[in-house]
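Step one of this worksheet: look at the structure below.
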Amino acid sequence: MLAISRQRILGQCFQKIRPAVSELRSYSSAAKQITVREALNSSLDEEMSADPKVFLMGEEVGEYQGAYKITKGLLEKYGPERVLDTPITEAGFTGIGVGAAYYGLKPVVEFMTFNFSMQAIDHIINSAAKSNYMSAGQISVPIVFRGPNGAAAGVGAQHSQCYAAWYASCPGLKVLSPYNSEDARGLLKAAIRDPDPVVFLENELLYGESFPVSDEVLDSSFSLPIGKAKIEREGNDVTITAFSKMVGYALKAAEILEKDGINAEVINLRSIRPLDRSTINASVRKTNRLITVEEGFPQHGVGAEICSSVVEESFAYLDAPVERIAGADVPMPYAANLERMAVPQVEDIVRAAKRACYRSVPLAATA
Amino acid sequence: MATAFSAPKLAAQPFSTISPSSQDRPLKIPFLGSTRKLRCLGSSRLNLSRRPSGPVVAVSDVVKAKKPTQNPSLLITKDEGLELYEDMVLGRAFEDMCAQMYYRGKMFGFVHLYNGQEAVSTGFIKLLKQQDSVVSTYRDHVHALSKGVPSRAVMSELFGKSTGCCRGQGGSMHMFSSEHNLIGGFAFIGEGIPVATGAAFSSKYRREVLKEANCDHVTLAFFGDGTCNNGQFYECLNMAALWKLPIVFVVENNLWAIGMSHLRATSDPQIYKKGPAFGMPGVHVDGMDVLKVREVAKEAIGRARRGEGPTLVECETYRFRGHSLADPDELRDPAEKAHYAARDPITALKKYLIENNLAGEAELKAIDKKIDELLEDAVEFAEESPLPPRSQLLENVFADPKGFGIGPDGRYRCEDPKFTEGTAHV
C-alpha cells in the first residue's frame, strides 16, 4: 500500500510542480529522488560546513549515528566538539544549548522525540522564546529544536503526542513542520540560519519516504521562507489545510474526491507559527469551504486557530461550517485497530469534504 | 523546630583559613571536597581516585604566595578595600531604596531583596572581567550592580520605564545586559544553571572549535539552597564536570527557600559535598565575610580560567529581609536573624579597613554619602523617565522583524519585495 501511495504522491508532485514552478526553476522529467532522512542529513551537513558556529547536541546523535539516523556520518566529519552526545538530561542540555545561543553559537538540539521535550519545555519557552522580549532585543537565541513529532506506529500514549499546537501558541517561537524532502531541506536550512528559536517538528514515518526534488532544492543555498504555506494541489471546491504527514493523506483524499467531482485545494502549511493566514484566507475566499486536518488533540489545536482566523477574516465567504479533523481526544492507545481510529485517516478527510460540499444547513452535533 | 542554630556548626567547619585578624594560625588546610579528598565533620575520609583534573591549590598557599612587599596578613590593598566597600554599600543602599519605593507604589510585582548577602556578590563579581558572564536568579539587582550595570538603568527597569536596562520589558526578575554580560535574571529556580553552563560551553567552544585562542571567559552561576534540590542543578554539575567547562557554581545558601528551611528540605544539607560526587571540588565558605569569599573566588575563577573545570562553592549567608517584599517573614527565629545581623558583611569590612589602617572613618562616610547621592539621582532619573510607548508592546518578539526568516542571500525575507507575492515559491 505504501508503494502505491508513494507513486500516487509522485504523480501528484509531478503534476502540481508544473503550475507552481517559477520561470527560474527548470525541472527535468528525471528529477532526483531523496528520502526525507537524506534531505535532513544533507541540510545539517551543509549548514555545519558553511558556518562553524553550528553544532549538534542530543542523545545518540554522534556515535549511534542518530536515533533515527538523521545525523549519520556527521560525527566522523565534524568531530566530537561539534556533534555532542549528551547524557539523558533534556532540561540540562536544552538549557546549555540556550546559554550557548545567547553567546552567538547556533546549536541544533535534537530531542529523540518531541515527547521528551516536555522535560525541557521550561527552557524552550522561558529561556529561549521569551529572552529576546525580556531583554528588549539585547539577547537573541538562534537555536533550533528538532526531532520527530506526533504518532508513530504502535509506540503508545507517551510517545505519540503532537506538540504543534502547544509550541505554536507561544510568542517568540517559530514552529515549522515539513512534509516532503523539499520542505525538509528548505525549512531546516532556514531554521538553522534564523536568528530566533525554531521548533522543527519532523515525522518519524516520513523519514523513509522518498520525494522528487529539483536541482534547485539540492543546491546548498536553498532555503524556504518561514511563515509561508504552499499550495500542493490547486482546486476550486474545498480547501484542505494540513501539515506534516497529514499532507500526504490530504493529497490522497483529494485524488479520491476528484473522482466524485470535487476539486480539492490542498495547502501544506509548512509553518505553524507564524501561520500563513493570508494564503489560507485567499484560498477559502476562492473555494468557500474549509477543512483543517491535523494529527494532534482537537481541543485548542492548530485547526481551531485556522478556523478562528478564517471566521475572523473571511466569514462572508464561507458556504459551510469549517470542518476540523484531528486526532481522537484520548491518549494514544496501543492496539493497532484502536490506534488507527485515533489518528485521522484518508476516509475521514474524504467524508468531511463531502459534508462540506453537499451541506446547506449546519450539521447537527454528532457524537 | 529545626532552625539554623545548627548553621553555626556548618560555619565552624575547618575552612576558616583566612581570618583577617589571626595571622598566626597554621594555614595548611586543603580545599574541602577536592577531588582527592573529601573531608566532612565526623565521617571517614573518602579517597576518590578520579582522573587528575589539575592541581587544586590550597587557598592557604595562595595566601602565602602574596607579594612580600605587602603586609602578609592583609588580603587586600586600600584601593581594593574601598572598591569592595563601595560596591557592598551600593548594593545595600539600593535594596533599601527599592523597599522604600515599593511601599510608595513606584515599584510593583515581585521584588526580591538581597540585604545581607552583599559579600557574595561583591566578593565574586568584582574579580571578573567585562567579558565574563554572570547568571543569576530573581534576586538579581545586586548582581547587576556589581557587574557594572548603572544604577539608573536598574532603577528605571524596576519602575518599568523605557530607560531601564531592558526597556521596562523584563522587570525585577529579568535583568539582562549584553554589554555587561549579565544574562539573566531567571524566575524559575534552577533555570539559570543550564543557561550558565551553556555560556561556559560557548567560551570553551570559541577557544577550541572557532580557534579564538584568547577566549578564557568564565561564567558564574548564582543560585540558592533551594535550587540545590532541583534536578537541573545535578544535570549541570554532571555535564560541566564531564566537559570541563569554565564555570563556577556559587550557592548562596541563606538557609531559607521562602519559608522552607534548608534543613527541612534537604536530606544532606551540606551542599558543598555534592561537588566531589560529580568530580569537581566543593568548597564551603563563610558568605558573610567578603574577604574570605574573595579568596575562594580567586581560586575558583582561576581554575576555570586555566581550563581546569568547574567548582562548586557554597557560601553560607543570610538575607536580612523576607524572601520578597510580599513575604511577612514569620517563620524565621528572631534570634537567628539577630545572630546574622551581628555578622553584617558591611560592618565587618568597615571594621577590617579601619583596624588595619587601610581607610579612615571619614573616607568611608564619604563613600556612604556618594552612594546616597547616586541613588537619589537614580530614583529621580527613573521617576522622570517615560513609560514605554505603546508601539513597544509588539517589538522584540523576534530578532527577525516579521518572523519570515532569512533568505538564501542572507538578508531578511521580509525585505525582499518579491517575497510577499504569491505563495511559497523559492
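So you can find residues: chains in the C-alpha cells are A, B, ... in the order shown, residues in each start at 1, and ligands are numbered from 1 in order.
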
Any idea what's packed within 7 Å of A:Phe55, counting only C-alpha atoms, ignoring anything in its chain fewer than 5 positions away? Could you give it as a PDB file with C-alpha atoms, in the first residue's frame?
```pdb
ATOM      1  CA  MET A  48      27.560  22.804   9.564  1.00  0.00           C
ATOM      2  CA  ARG A  82      30.605  19.820  17.123  1.00  0.00           C
ATOM      3  CA  VAL A  83      28.463  16.723  17.387  1.00  0.00           C
ATOM      4  CA  LYS A 106      23.973  28.076  16.735  1.00  0.00           C
ATOM      5  CA  PRO A 107      23.011  24.851  18.422  1.00  0.00           C
ATOM      6  CA  VAL A 108      20.713  22.319  16.799  1.00  0.00           C
TER       7      VAL A 108
END
```

Next item on the list: Just the residues within 8 Å of A:Ala353, please, counting only C-alpha atoms, with nothing from its chain fewer than 5 positions along; format it as a PyMOL selection string.
Entry: chain A and resi 238+257+291

Next item on the list: Mind checking which residues fall within 10 Å of stretch 381-391 of chain B, counting only C-alpha atoms, ignoring those fewer than 5 positions away in the same chain, and posting them as a list in words?
Entry: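 What passes the distance filter is Lys106, Ser151, Arg152, Ala153, Val154, Met155, Ser156, Glu157, Leu158, Phe159, Gly160, Lys161, Ser162, Thr163, Gly164, Arg167, Gly168, Gln169, Leu375 and Glu376 of chain B.
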
Dump as an mmCIF file, in the first residue's frame, selection limited to N, CA and C atoms:
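Ended up saving to result.cif:
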```cif
data_model
loop_
_atom_site.group_PDB
_atom_site.id
_atom_site.type_symbol
_atom_site.label_atom_id
_atom_site.label_comp_id
_atom_site.auth_asym_id
_atom_site.auth_seq_id
_atom_site.Cartn_x
_atom_site.Cartn_y
_atom_site.Cartn_z
ATOM 1 N N LYS B 106 5.867 52.868 43.682
ATOM 2 C CA LYS B 106 6.552 53.111 42.396
ATOM 3 C C LYS B 106 7.006 51.817 41.760
ATOM 4 N N SER B 151 23.230 52.114 38.077
ATOM 5 C CA SER B 151 22.059 52.061 38.977
ATOM 6 C C SER B 151 20.859 52.748 38.377
ATOM 7 N N ARG B 152 21.124 53.751 37.547
ATOM 8 C CA ARG B 152 19.994 54.403 36.886
ATOM 9 C C ARG B 152 19.216 53.403 36.043
ATOM 10 N N ALA B 153 19.978 52.575 35.300
ATOM 11 C CA ALA B 153 19.323 51.616 34.393
ATOM 12 C C ALA B 153 18.540 50.588 35.193
ATOM 13 N N VAL B 154 19.107 50.125 36.296
ATOM 14 C CA VAL B 154 18.415 49.107 37.088
ATOM 15 C C VAL B 154 17.176 49.713 37.744
ATOM 16 N N MET B 155 17.321 50.910 38.272
ATOM 17 C CA MET B 155 16.162 51.530 38.945
ATOM 18 C C MET B 155 15.040 51.795 37.952
ATOM 19 N N SER B 156 15.395 52.281 36.771
ATOM 20 C CA SER B 156 14.347 52.530 35.758
ATOM 21 C C SER B 156 13.663 51.241 35.353
ATOM 22 N N GLU B 157 14.447 50.191 35.265
ATOM 23 C CA GLU B 157 13.864 48.899 34.892
ATOM 24 C C GLU B 157 12.857 48.478 35.938
ATOM 25 N N LEU B 158 13.190 48.721 37.213
ATOM 26 C CA LEU B 158 12.279 48.322 38.283
ATOM 27 C C LEU B 158 11.019 49.175 38.273
ATOM 28 N N PHE B 159 11.179 50.433 37.858
ATOM 29 C CA PHE B 159 9.991 51.277 37.774
ATOM 30 C C PHE B 159 9.177 50.958 36.517
ATOM 31 N N GLY B 160 9.761 50.160 35.615
ATOM 32 C CA GLY B 160 9.055 49.818 34.377
ATOM 33 C C GLY B 160 9.101 50.917 33.345
ATOM 34 N N LYS B 161 10.200 51.651 33.315
ATOM 35 C CA LYS B 161 10.299 52.763 32.367
ATOM 36 C C LYS B 161 11.117 52.353 31.163
ATOM 37 N N SER B 162 10.994 53.100 30.079
ATOM 38 C CA SER B 162 11.667 52.677 28.855
ATOM 39 C C SER B 162 13.171 52.900 28.904
ATOM 40 N N THR B 163 13.686 53.604 29.908
ATOM 41 C CA THR B 163 15.136 53.776 30.009
ATOM 42 C C THR B 163 15.786 52.695 30.838
ATOM 43 N N GLY B 164 15.038 51.703 31.219
ATOM 44 C CA GLY B 164 15.601 50.610 32.000
ATOM 45 C C GLY B 164 16.539 49.763 31.163
ATOM 46 N N ARG B 167 14.519 48.117 28.867
ATOM 47 C CA ARG B 167 13.430 48.984 28.398
ATOM 48 C C ARG B 167 12.110 48.681 29.098
ATOM 49 N N GLY B 168 12.174 48.240 30.307
ATOM 50 C CA GLY B 168 10.933 48.010 31.050
ATOM 51 C C GLY B 168 10.254 46.701 30.727
ATOM 52 N N GLN B 169 10.828 45.912 29.842
ATOM 53 C CA GLN B 169 10.157 44.667 29.454
ATOM 54 C C GLN B 169 10.527 43.496 30.329
ATOM 55 N N LEU B 375 22.064 57.274 44.414
ATOM 56 C CA LEU B 375 20.741 56.655 44.406
ATOM 57 C C LEU B 375 19.635 57.684 44.287
ATOM 58 N N GLU B 376 19.816 58.819 44.940
ATOM 59 C CA GLU B 376 18.815 59.889 44.777
ATOM 60 C C GLU B 376 18.693 60.232 43.316
#
```

Note to self: Quick check: residues of chain A within 7 Å of chain B, only C-alpha atoms, returned as a ChimeraX atom specification.
What the structure shows: /A:52,89,91-92,95-100,103,105,132-140,171-172,190,193-196,221-230,274,279

Write the selection just made, keeping C-alpha atoms, as a PDB file, in the first residue's frame?
```pdb
ATOM      1  CA  PRO A  52      31.451  26.761  12.195  1.00  0.00           C
ATOM      2  CA  THR A  89      19.293  15.241  30.604  1.00  0.00           C
ATOM      3  CA  ALA A  91      16.402  20.020  30.795  1.00  0.00           C
ATOM      4  CA  GLY A  92      20.135  20.327  31.277  1.00  0.00           C
ATOM      5  CA  GLY A  95      19.439  24.904  28.769  1.00  0.00           C
ATOM      6  CA  ILE A  96      23.065  24.524  27.785  1.00  0.00           C
ATOM      7  CA  GLY A  97      22.043  24.967  24.158  1.00  0.00           C
ATOM      8  CA  VAL A  98      20.133  28.117  25.044  1.00  0.00           C
ATOM      9  CA  GLY A  99      23.074  29.507  27.001  1.00  0.00           C
ATOM     10  CA  ALA A 100      25.385  28.824  24.088  1.00  0.00           C
ATOM     11  CA  TYR A 103      26.523  33.933  23.042  1.00  0.00           C
ATOM     12  CA  LEU A 105      26.614  29.928  18.745  1.00  0.00           C
ATOM     13  CA  ASN A 132      14.569  38.411  23.148  1.00  0.00           C
ATOM     14  CA  TYR A 133      11.494  40.116  24.522  1.00  0.00           C
ATOM     15  CA  MET A 134      12.554  40.184  28.171  1.00  0.00           C
ATOM     16  CA  SER A 135      15.917  41.632  27.312  1.00  0.00           C
ATOM     17  CA  ALA A 136      14.353  44.132  24.869  1.00  0.00           C
ATOM     18  CA  GLY A 137      16.291  42.843  21.908  1.00  0.00           C
ATOM     19  CA  GLN A 138      19.700  42.569  23.583  1.00  0.00           C
ATOM     20  CA  ILE A 139      19.867  38.813  23.502  1.00  0.00           C
ATOM     21  CA  SER A 140      18.635  36.744  20.594  1.00  0.00           C
ATOM     22  CA  PRO A 171       5.061  34.081  21.050  1.00  0.00           C
ATOM     23  CA  GLY A 172       8.775  34.151  20.472  1.00  0.00           C
ATOM     24  CA  ALA A 190      16.017  28.358   7.039  1.00  0.00           C
ATOM     25  CA  ARG A 193      20.112  30.350   9.684  1.00  0.00           C
ATOM     26  CA  ASP A 194      17.326  32.032  11.572  1.00  0.00           C
ATOM     27  CA  PRO A 195      18.246  34.314  14.477  1.00  0.00           C
ATOM     28  CA  ASP A 196      15.301  33.169  16.574  1.00  0.00           C
ATOM     29  CA  SER A 221      21.999  27.844  -0.603  1.00  0.00           C
ATOM     30  CA  PHE A 222      18.404  26.676  -0.957  1.00  0.00           C
ATOM     31  CA  SER A 223      16.056  27.708   1.781  1.00  0.00           C
ATOM     32  CA  LEU A 224      12.339  28.169   2.123  1.00  0.00           C
ATOM     33  CA  PRO A 225      10.704  31.190   3.680  1.00  0.00           C
ATOM     34  CA  ILE A 226       9.352  30.776   7.154  1.00  0.00           C
ATOM     35  CA  GLY A 227       5.709  31.756   7.526  1.00  0.00           C
ATOM     36  CA  LYS A 228       4.620  30.874   4.018  1.00  0.00           C
ATOM     37  CA  ALA A 229       2.407  27.912   3.184  1.00  0.00           C
ATOM     38  CA  LYS A 230       2.496  26.010  -0.067  1.00  0.00           C
ATOM     39  CA  PRO A 274       3.854  32.295  12.011  1.00  0.00           C
ATOM     40  CA  THR A 279      -2.746  32.109   1.895  1.00  0.00           C
TER      41      THR A 279
END
```

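Counting only C-alpha atoms, stretch 246-256 of chain A has the following residues at most 9 Å away, ignoring those fewer than 6 positions along the same chain: Ser5, Arg8, Ile9, Gln12, Tyr179, Asn180, Glu232, Arg233, Ile240, Ile262, Asn263, Ala264, Glu265, Val266, Ile267, Asn268, Leu269, Val293, Glu294, Glu295, Pro344, Gln345, Val346, Glu347, Asp348, Ile349, Val350 and Ala353 of chain A.
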
Item checked: Which of stretch 213-267 of chain A DSSP labels strand (DSSP E or B), written as a ChimeraX atom specification -> /A:213,230-233,238-242,264-267

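The nearest approach to A:Gly66 among the residues A:Asn288, A:Thr94, A:Ser131, A:Thr113, with only C-alpha atoms taken into account, belongs to A:Thr113.
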
Next item on the list: Pick out the residues sitting within 8 Å of B:Ile301, and hand them over as an MDAnalysis selection string; count only C-alpha atoms, and ignore anything fewer than 2 positions along from it in its own chain.
Entry: chainID B and resid 218 247:248 297:299 303:305

Please write the residues from the selection above to a file, keeping N, CA, C and O atoms, as a compact mmCIF listing (two decimals), in the first residue's frame.
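Writing the result to out_10.txt gives the following:
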```
# COMPACT_ATOMS: atom_id res chain seq x y z
N VAL B 218 34.94 33.27 31.82
CA VAL B 218 34.42 32.42 32.89
C VAL B 218 32.97 32.81 33.12
O VAL B 218 32.59 33.95 32.92
N ILE B 247 33.22 27.24 34.52
CA ILE B 247 32.09 27.80 35.25
C ILE B 247 32.32 27.62 36.73
O ILE B 247 32.99 26.67 37.16
N VAL B 248 31.80 28.55 37.51
CA VAL B 248 31.80 28.38 38.96
C VAL B 248 30.35 28.38 39.42
O VAL B 248 29.61 29.31 39.10
N ALA B 297 36.92 32.82 45.76
CA ALA B 297 36.53 33.16 44.39
C ALA B 297 37.75 33.24 43.49
O ALA B 297 37.73 32.76 42.35
N LYS B 298 38.81 33.83 44.01
CA LYS B 298 40.03 33.94 43.18
C LYS B 298 40.48 32.57 42.72
O LYS B 298 40.84 32.36 41.56
N GLU B 299 40.46 31.65 43.65
CA GLU B 299 40.92 30.30 43.31
C GLU B 299 39.98 29.63 42.31
O GLU B 299 40.42 29.05 41.30
N ARG B 303 40.84 28.66 38.49
CA ARG B 303 40.75 27.28 38.00
C ARG B 303 39.99 27.24 36.69
O ARG B 303 40.41 26.61 35.71
N ALA B 304 38.87 27.92 36.66
CA ALA B 304 38.04 27.90 35.45
C ALA B 304 38.80 28.54 34.30
O ALA B 304 38.80 28.03 33.17
N ARG B 305 39.46 29.65 34.59
CA ARG B 305 40.17 30.34 33.51
C ARG B 305 41.30 29.51 32.95
O ARG B 305 41.59 29.56 31.77
```

Item checked: Nearby residues (only C-alpha atoms) at most 12 Å from B:Asp96, same-chain spacing under 5 positions excluded, as a count of residues only -> 19

Checklist line | Near-B:Gly307 list (8 Å; only C-alpha atoms; drop same-chain fewer than 4 positions) as a count of residues only | finding: 5

Notebook entry, point to check: Taking the backbone alone, and naming residues the way the document does, which bits of stretch 276-366 of chain B are helix (DSSP H, G or I) by DSSP, as a count of residues only?
Noted result: 44

Item checked: atom CA of A:Arg324 to atom CA of A:Ala352, distance in Å rounded to a single decimal -> 8.5 Å

Checklist line | d(atom CA of B:Glu308, atom CA of B:Met288) in Å | finding: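 So the answer is 27.4 Å.
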
Next item on the list: Quote the spacing between atom CA of A:Ser210 and atom CA of A:Arg185 in Å to one decimal place.
Entry: 12.8 Å

Next item on the list: Find the residue from B:Asp333, B:Glu118, B:Met88, B:Leu182 that sits nearest to B:Gln131; use only C-alpha atoms when measuring.
Entry: B:Leu182
